[in-house]
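Trainee: Just so it is clear, I am handing over work_5.cif, which has mmCIF, C-alpha atoms and all ligand atoms.
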data_work
#
loop_
_atom_site.label_atom_id
_atom_site.label_comp_id
_atom_site.auth_asym_id
_atom_site.auth_seq_id
_atom_site.Cartn_x
_atom_site.Cartn_y
_atom_site.Cartn_z
CA MET A 1 169.40 133.16 -82.77
CA ASN A 2 165.83 133.11 -81.44
CA VAL A 3 164.50 129.71 -80.40
CA VAL A 4 161.19 128.60 -78.88
CA LEU A 5 160.95 125.48 -76.71
CA LEU A 6 157.48 123.99 -77.01
CA GLY A 7 155.95 121.13 -75.03
CA PRO A 8 153.51 120.37 -72.24
CA PRO A 9 154.23 121.31 -68.63
CA GLY A 10 156.76 118.87 -67.20
CA SER A 11 158.24 117.99 -70.59
CA GLY A 12 161.70 119.16 -69.49
CA LYS A 13 161.86 122.53 -71.25
CA GLY A 14 163.58 124.23 -68.30
CA THR A 15 166.14 121.43 -67.97
CA GLN A 16 166.97 121.48 -71.68
CA ALA A 17 167.10 125.28 -71.70
CA GLN A 18 170.13 125.18 -69.41
CA TYR A 19 172.16 123.13 -71.90
CA ILE A 20 171.19 125.35 -74.82
CA VAL A 21 172.05 128.50 -72.87
CA ASP A 22 175.44 127.03 -71.95
CA GLU A 23 176.35 126.12 -75.51
CA PHE A 24 174.89 128.98 -77.52
CA GLY A 25 175.25 131.80 -75.03
CA ILE A 26 171.74 133.18 -75.44
CA PRO A 27 169.64 133.95 -72.34
CA GLN A 28 166.69 131.81 -71.29
CA ILE A 29 163.44 133.73 -71.10
CA SER A 30 161.06 131.70 -68.96
CA THR A 31 157.78 133.51 -68.40
CA GLY A 32 156.92 130.96 -65.66
CA ASP A 33 160.13 131.87 -63.77
CA MET A 34 159.47 135.58 -64.26
CA LEU A 35 155.95 135.19 -62.87
CA ARG A 36 157.18 133.12 -59.90
CA SER A 37 159.72 135.87 -59.08
CA ALA A 38 156.91 138.44 -59.15
CA VAL A 39 154.84 136.21 -56.83
CA ALA A 40 157.80 135.79 -54.43
CA ALA A 41 158.48 139.54 -54.46
CA GLY A 42 154.80 140.19 -53.67
CA THR A 43 154.40 142.75 -56.47
CA GLU A 44 150.94 143.76 -57.68
CA LEU A 45 151.50 141.69 -60.81
CA GLY A 46 152.62 138.74 -58.69
CA LEU A 47 149.53 138.89 -56.49
CA ALA A 48 147.25 138.95 -59.53
CA ALA A 49 149.16 136.17 -61.31
CA LYS A 50 149.29 133.84 -58.29
CA LYS A 51 145.59 132.98 -58.31
CA VAL A 52 145.62 132.22 -62.02
CA MET A 53 148.79 130.13 -61.76
CA ASP A 54 147.56 128.16 -58.74
CA ALA A 55 144.46 127.22 -60.71
CA GLY A 56 146.57 126.04 -63.65
CA ASP A 57 145.19 128.70 -65.99
CA LEU A 58 147.06 131.14 -68.21
CA VAL A 59 148.00 134.68 -67.26
CA SER A 60 146.60 137.22 -69.75
CA ASP A 61 148.39 137.73 -73.06
CA ASP A 62 148.80 141.47 -72.39
CA ILE A 63 150.64 140.91 -69.12
CA ILE A 64 152.88 138.24 -70.63
CA LEU A 65 153.71 140.29 -73.72
CA GLY A 66 154.50 143.29 -71.50
CA LEU A 67 156.91 141.19 -69.42
CA VAL A 68 158.64 139.71 -72.46
CA ASN A 69 158.90 143.04 -74.23
CA GLU A 70 160.57 144.58 -71.18
CA ARG A 71 162.93 141.61 -70.79
CA LEU A 72 164.02 141.78 -74.44
CA ARG A 73 165.24 145.35 -73.97
CA LEU A 74 168.03 144.15 -71.68
CA PRO A 75 171.43 144.07 -73.34
CA ASP A 76 171.96 140.30 -73.00
CA CYS A 77 169.26 139.72 -75.64
CA THR A 78 171.07 141.38 -78.53
CA GLN A 79 172.20 138.00 -79.96
CA GLY A 80 168.78 136.42 -79.48
CA ALA A 81 167.00 134.44 -76.80
CA LEU A 82 165.66 131.05 -75.86
CA PHE A 83 161.95 131.23 -75.05
CA ASP A 84 160.79 128.64 -72.53
CA GLY A 85 157.05 128.50 -71.82
CA PHE A 86 156.39 131.40 -74.18
CA PRO A 87 154.47 131.84 -76.46
CA ARG A 88 151.59 129.80 -75.05
CA THR A 89 148.76 131.12 -77.24
CA LEU A 90 148.40 132.23 -80.86
CA PRO A 91 147.97 135.91 -79.82
CA GLN A 92 151.25 135.64 -77.87
CA ALA A 93 152.97 134.21 -80.98
CA GLU A 94 151.62 137.10 -83.05
CA GLY A 95 152.55 139.60 -80.34
CA MET A 96 156.08 138.24 -80.35
CA VAL A 97 156.42 139.00 -84.05
CA ALA A 98 154.88 142.44 -83.48
CA ILE A 99 157.55 143.32 -80.92
CA GLY A 100 160.21 142.46 -83.47
CA VAL A 101 161.33 138.91 -82.70
CA THR A 102 162.27 136.89 -85.79
CA LEU A 103 162.16 133.24 -84.87
CA ASP A 104 164.81 130.90 -86.25
CA ALA A 105 163.82 127.58 -84.75
CA VAL A 106 161.15 125.79 -82.74
CA VAL A 107 161.97 122.69 -80.69
CA GLU A 108 159.10 120.51 -79.49
CA LEU A 109 159.49 118.01 -76.65
CA LEU A 110 157.09 115.06 -76.94
CA VAL A 111 155.98 113.59 -73.61
CA PRO A 112 152.75 111.61 -73.00
CA ASP A 113 150.24 112.87 -70.44
CA ASP A 114 150.76 110.02 -67.94
CA VAL A 115 154.47 110.75 -67.79
CA VAL A 116 153.78 114.45 -67.26
CA VAL A 117 151.39 113.71 -64.40
CA GLU A 118 153.87 111.34 -62.73
CA ARG A 119 156.75 113.79 -63.13
CA ILE A 120 154.94 116.86 -61.83
CA SER A 121 152.72 115.45 -59.12
CA GLY A 122 155.72 113.70 -57.52
CA ARG A 123 157.73 116.91 -57.41
CA ARG A 124 158.53 118.43 -54.00
CA VAL A 125 160.45 121.64 -53.40
CA HIS A 126 162.33 123.31 -50.60
CA GLN A 127 160.71 126.69 -50.77
CA GLU A 128 163.55 128.84 -49.51
CA SER A 129 166.35 127.46 -51.70
CA GLY A 130 164.29 126.25 -54.67
CA ARG A 131 165.87 122.76 -54.40
CA VAL A 132 163.69 120.30 -56.29
CA TYR A 133 163.13 116.62 -55.44
CA HIS A 134 160.93 113.85 -56.81
CA LEU A 135 159.24 111.22 -54.65
CA THR A 136 160.38 108.42 -57.01
CA PHE A 137 163.15 109.75 -59.27
CA ASN A 138 165.10 111.94 -56.86
CA PRO A 139 163.85 111.41 -53.29
CA PRO A 140 165.24 113.36 -50.34
CA LYS A 141 167.38 111.38 -47.85
CA VAL A 142 164.65 111.72 -45.21
CA ALA A 143 161.04 111.67 -46.41
CA ASP A 144 159.57 115.16 -46.88
CA ARG A 145 162.71 116.90 -45.57
CA ASP A 146 165.27 119.03 -47.40
CA ASP A 147 168.70 117.31 -47.52
CA GLU A 148 170.63 120.45 -46.54
CA THR A 149 168.46 122.11 -43.91
CA GLY A 150 166.13 119.31 -42.76
CA GLU A 151 163.22 121.68 -43.32
CA GLN A 152 159.82 120.53 -44.56
CA LEU A 153 159.41 120.16 -48.34
CA ILE A 154 156.25 121.41 -50.02
CA GLN A 155 154.28 120.64 -53.13
CA ARG A 156 153.77 123.72 -55.32
CA PRO A 157 150.02 124.48 -55.47
CA ASP A 158 150.07 124.08 -59.24
CA ASP A 159 151.82 120.69 -59.03
CA THR A 160 148.91 118.73 -57.53
CA GLU A 161 147.49 116.02 -59.80
CA ASP A 162 144.20 117.85 -60.39
CA THR A 163 145.98 121.06 -61.33
CA VAL A 164 148.43 119.23 -63.58
CA ARG A 165 145.48 117.71 -65.47
CA GLU A 166 143.99 121.20 -65.77
CA ARG A 167 147.32 122.56 -67.04
CA LEU A 168 147.43 119.77 -69.63
CA ALA A 169 143.87 120.60 -70.77
CA VAL A 170 144.89 124.25 -71.11
CA TYR A 171 148.00 123.17 -73.05
CA TYR A 172 145.99 121.16 -75.61
CA GLU A 173 143.38 123.83 -75.99
CA GLN A 174 145.49 126.99 -76.12
CA THR A 175 149.13 126.08 -76.75
CA ALA A 176 149.00 122.99 -79.00
CA PRO A 177 147.61 125.06 -81.95
CA LEU A 178 151.08 126.62 -82.05
CA ILE A 179 152.46 123.27 -83.25
CA ASP A 180 150.63 123.55 -86.60
CA HIS A 181 151.22 127.27 -86.71
CA TYR A 182 154.98 126.86 -86.45
CA GLN A 183 155.19 123.77 -88.65
CA GLN A 184 153.67 125.84 -91.44
CA SER A 185 155.90 128.85 -90.84
CA SER A 186 159.34 129.48 -92.20
CA SER A 187 161.23 128.70 -88.98
CA GLU A 188 163.02 125.37 -88.61
CA TYR A 189 160.92 122.87 -86.66
CA PHE A 190 162.38 119.98 -84.68
CA LYS A 191 160.50 117.42 -82.58
CA THR A 192 162.19 115.07 -80.21
CA ASP A 193 161.21 112.34 -77.75
CA GLY A 194 161.20 113.92 -74.28
CA THR A 195 161.08 110.59 -72.41
CA VAL A 196 164.64 109.40 -73.10
CA SER A 197 167.57 110.51 -70.91
CA VAL A 198 168.24 114.20 -70.33
CA ASP A 199 171.65 113.80 -72.02
CA GLU A 200 170.27 112.11 -75.12
CA ILE A 201 167.63 114.79 -75.55
CA SER A 202 170.18 117.51 -75.07
CA VAL A 203 172.59 116.04 -77.63
CA SER A 204 169.88 115.78 -80.28
CA ILE A 205 168.55 119.29 -79.71
CA ARG A 206 171.98 120.88 -79.70
CA SER A 207 173.11 119.11 -82.85
CA PHE A 208 169.94 120.29 -84.58
CA LEU A 209 170.53 123.88 -83.46
CA ARG A 210 174.16 123.73 -84.60
CA THR A 211 173.25 122.79 -88.17
CA PHE A 212 171.62 126.09 -88.85
CA SER A 213 173.23 128.41 -86.29
CA SER A 214 176.65 128.11 -87.93
P1 LIG B 1 155.60 127.20 -66.30
O1 LIG B 1 156.62 127.19 -65.22
O2 LIG B 1 156.12 127.65 -67.63
O3 LIG B 1 154.84 125.89 -66.40
O4 LIG B 1 154.51 128.30 -65.89
C1 LIG B 1 153.79 128.23 -64.67
C2 LIG B 1 152.48 128.99 -64.81
O5 LIG B 1 152.75 130.37 -65.13
C3 LIG B 1 151.56 128.51 -65.92
O6 LIG B 1 150.75 127.42 -65.53
C4 LIG B 1 150.74 129.77 -66.20
O7 LIG B 1 149.76 129.97 -65.20
C5 LIG B 1 151.78 130.87 -66.04
N1 LIG B 1 152.47 131.16 -67.33
C6 LIG B 1 153.78 130.94 -67.62
N2 LIG B 1 154.07 131.34 -68.86
C7 LIG B 1 152.92 131.80 -69.39
C8 LIG B 1 152.55 132.34 -70.67
N3 LIG B 1 153.45 132.46 -71.67
N4 LIG B 1 151.26 132.71 -70.85
C9 LIG B 1 150.34 132.60 -69.87
N5 LIG B 1 150.62 132.10 -68.64
C10 LIG B 1 151.89 131.71 -68.40
#
Starting from the coordinates I provided, produce the structure as structure tokens.
Ligand code: AMP
Mentor:
Amino acid sequence: MNVVLLGPPGSGKGTQAQYIVDEFGIPQISTGDMLRSAVAAGTELGLAAKKVMDAGDLVSDDIILGLVNERLRLPDCTQGALFDGFPRTLPQAEGMVAIGVTLDAVVELLVPDDVVVERISGRRVHQESGRVYHLTFNPPKVADRDDETGEQLIQRPDDTEDTVRERLAVYYEQTAPLIDHYQQSSSEYFKTDGTVSVDEISVSIRSFLRTFSS
């Protein structure tokens, strides 16, 4: 089963991916996570990607397709995969087909821009552990400090309000055309409101995926 999760940054794709992975046993392929690992490891690819990511722009299609192609060769992908944050452009969608992925379903999370900006710009992280907080929805016990270590929390460079607005502009320009593309293709297409509770969203997505995965 190959599934794509589509939606703007901050629409909850990563959160929902966890539930889908748990139930259907397919691995999550998040190109954003793969790029962040490369940045943290200080690889050549990571250094090149960091500038682009910090500005809220997209990493080149060639680099992304190379990463995904390599990832799909690992044995855990034999039963399919859940793509989170990929494809993000029409050439990536075409490249995905060219490397042999047959898509079964596309799930789109609908979240208005103002909600995205509030969710992402309020996010704070503890860099070392990756623990994530939110100024309003999940504040740390002591302002700006990690609950476990007491260390300073940071805002990811691509989470500032200006960069989030840039990421949204990039989404509408380069990624949103995939909505029409996939609605006209033969894969199953499911849209769901991404502003209700995490549990409600998860239940609706998983029941949709069950109807055709069985
Ligand atoms: P994400 O965590 O999915 O929002 O990704 C964070 C950043 O990584 C994006 O703003 C892009 O700069 C880059 N990125 C992630 N996935 C892709 C992709 N499929 N194509 C191009 N750039 C990507």
Trainee: Tell me, as a list in words, which residues lie within 10 Å of range 65-78 of chain A, counting all atoms listed in the file; anything in the same chain fewer than 3 positions away does not count.
Mentor: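 My reading of the contact set: Met1, Asn2, Gly25, Ile26, Pro27, Gln28, Ile29, Ser30, Thr31, Met34, Leu35, Ser60, Asp61, Asp62, Ala81, Leu82, Phe83, Phe86, Pro87, Pro91, Gln92, Ala93, Gly95, Met96, Ile99, Gly100 and Val101 of chain A.
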Trainee: For Leu58 in chain A, work out the shell of residues within 9 Å, counting all atoms listed in the file and skipping chain neighbours fewer than 4 positions away, then give it as number ranges by chain.
Mentor: A: 49, 52-53, 88, 167, 170
Trainee: Determine, for each residue of range 106-176 of chain A having at least one atom at most 8 Å from an atom of range 191-196 of chain A, the closest pair of atoms and their separation in Å to one decimal, counting all atoms listed in the file; order by chain and ascending number, as JSON lines.
Mentor:
{"residue": "A:Val107", "atom": "CA", "partner": "A:Lys191", "partner_atom": "CA", "distance": 5.8}
{"residue": "A:Glu108", "atom": "CA", "partner": "A:Lys191", "partner_atom": "CA", "distance": 4.6}
{"residue": "A:Leu109", "atom": "CA", "partner": "A:Gly194", "partner_atom": "CA", "distance": 5.0}
{"residue": "A:Leu110", "atom": "CA", "partner": "A:Asp193", "partner_atom": "CA", "distance": 5.0}
{"residue": "A:Val111", "atom": "CA", "partner": "A:Gly194", "partner_atom": "CA", "distance": 5.3}
Trainee: What would the file look like if the residues just selected were written as a short mmCIF file (atom, residue, chain, number, x, y, z; two decimals), keeping the file's coordinate frame with C-alpha atoms?
Mentor:
data_model
loop_
_atom_site.label_atom_id
_atom_site.label_comp_id
_atom_site.auth_asym_id
_atom_site.auth_seq_id
_atom_site.Cartn_x
_atom_site.Cartn_y
_atom_site.Cartn_z
CA VAL A 107 161.97 122.69 -80.69
CA GLU A 108 159.10 120.51 -79.49
CA LEU A 109 159.49 118.01 -76.65
CA LEU A 110 157.09 115.06 -76.94
CA VAL A 111 155.98 113.59 -73.61
#
Trainee: How far is it from CA of Asn138 in chain A to CA of Tyr19 in chain A, in Å with one decimal?
Mentor: 20.0 Å
Trainee: From the list A:Asp54, A:Asp33, A:Asp22, A:Asp144, which residue is nearest Pro157 in chain A when using all atoms listed in the file?
Mentor: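 Among the listed residues, A:Asp54 lies closest to Pro157 in chain A.
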Trainee: Would you place a box with edges along x, y and z of the file around all atoms of range 42-59 of chain A listed there, add 3 Å to each of its six sides, and report the centre and edge lengths in Å to one decimal, as JSON?
Mentor:
{"center_x": 149.6, "center_y": 134.9, "center_z": -60.9, "size_x": 16.3, "size_y": 23.7, "size_z": 20.5}
Trainee: Let me make sure I understand: among A:Val59, A:Leu6, A:Val116, A:His181, which one has the smallest atom-to-atom distance to Leu47 in chain A if we use all atoms listed in the file?
Mentor: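 Using all atoms listed in the file, Leu47 in chain A sits closest to A:Val59.
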Trainee: Nearest residue to ligand LIG 1 (chain B) out of A:Ile63, A:Ile20, A:Ile201, A:Val142, using all atoms listed in the file?
Mentor: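 Of all the options, A:Ile63 lies closest to ligand LIG 1 (chain B).
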Trainee: Would you compute the distance between CA of Glu166 in chain A and atom C7 of ligand LIG 1 (chain B)? Give it in Å to one decimal.
Mentor: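 So the answer is 14.3 Å.
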Trainee: Which of these residues is nearest to Val132 in chain A, using only C-alpha atoms: A:Ile64, A:Leu153, A:Val117, A:Val198?
Mentor: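 Counting only C-alpha atoms, the residue closest to Val132 in chain A is A:Leu153.
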Trainee: In Å, with one decimal, what is the gap from CA of Tyr182 in chain A to CA of Gly80 in chain A?
Mentor: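 Value for the CA of Tyr182 in chain A-CA of Gly80 in chain A distance: 18.2 Å.
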Trainee: Name the closest residue to Ile120 in chain A among the candidates A:Gln16, A:Pro9, A:Phe137, A:Leu209; distances are taken between atoms, counting all atoms listed in the file.
Mentor: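 Smallest separation from Ile120 in chain A among the options: A:Pro9.
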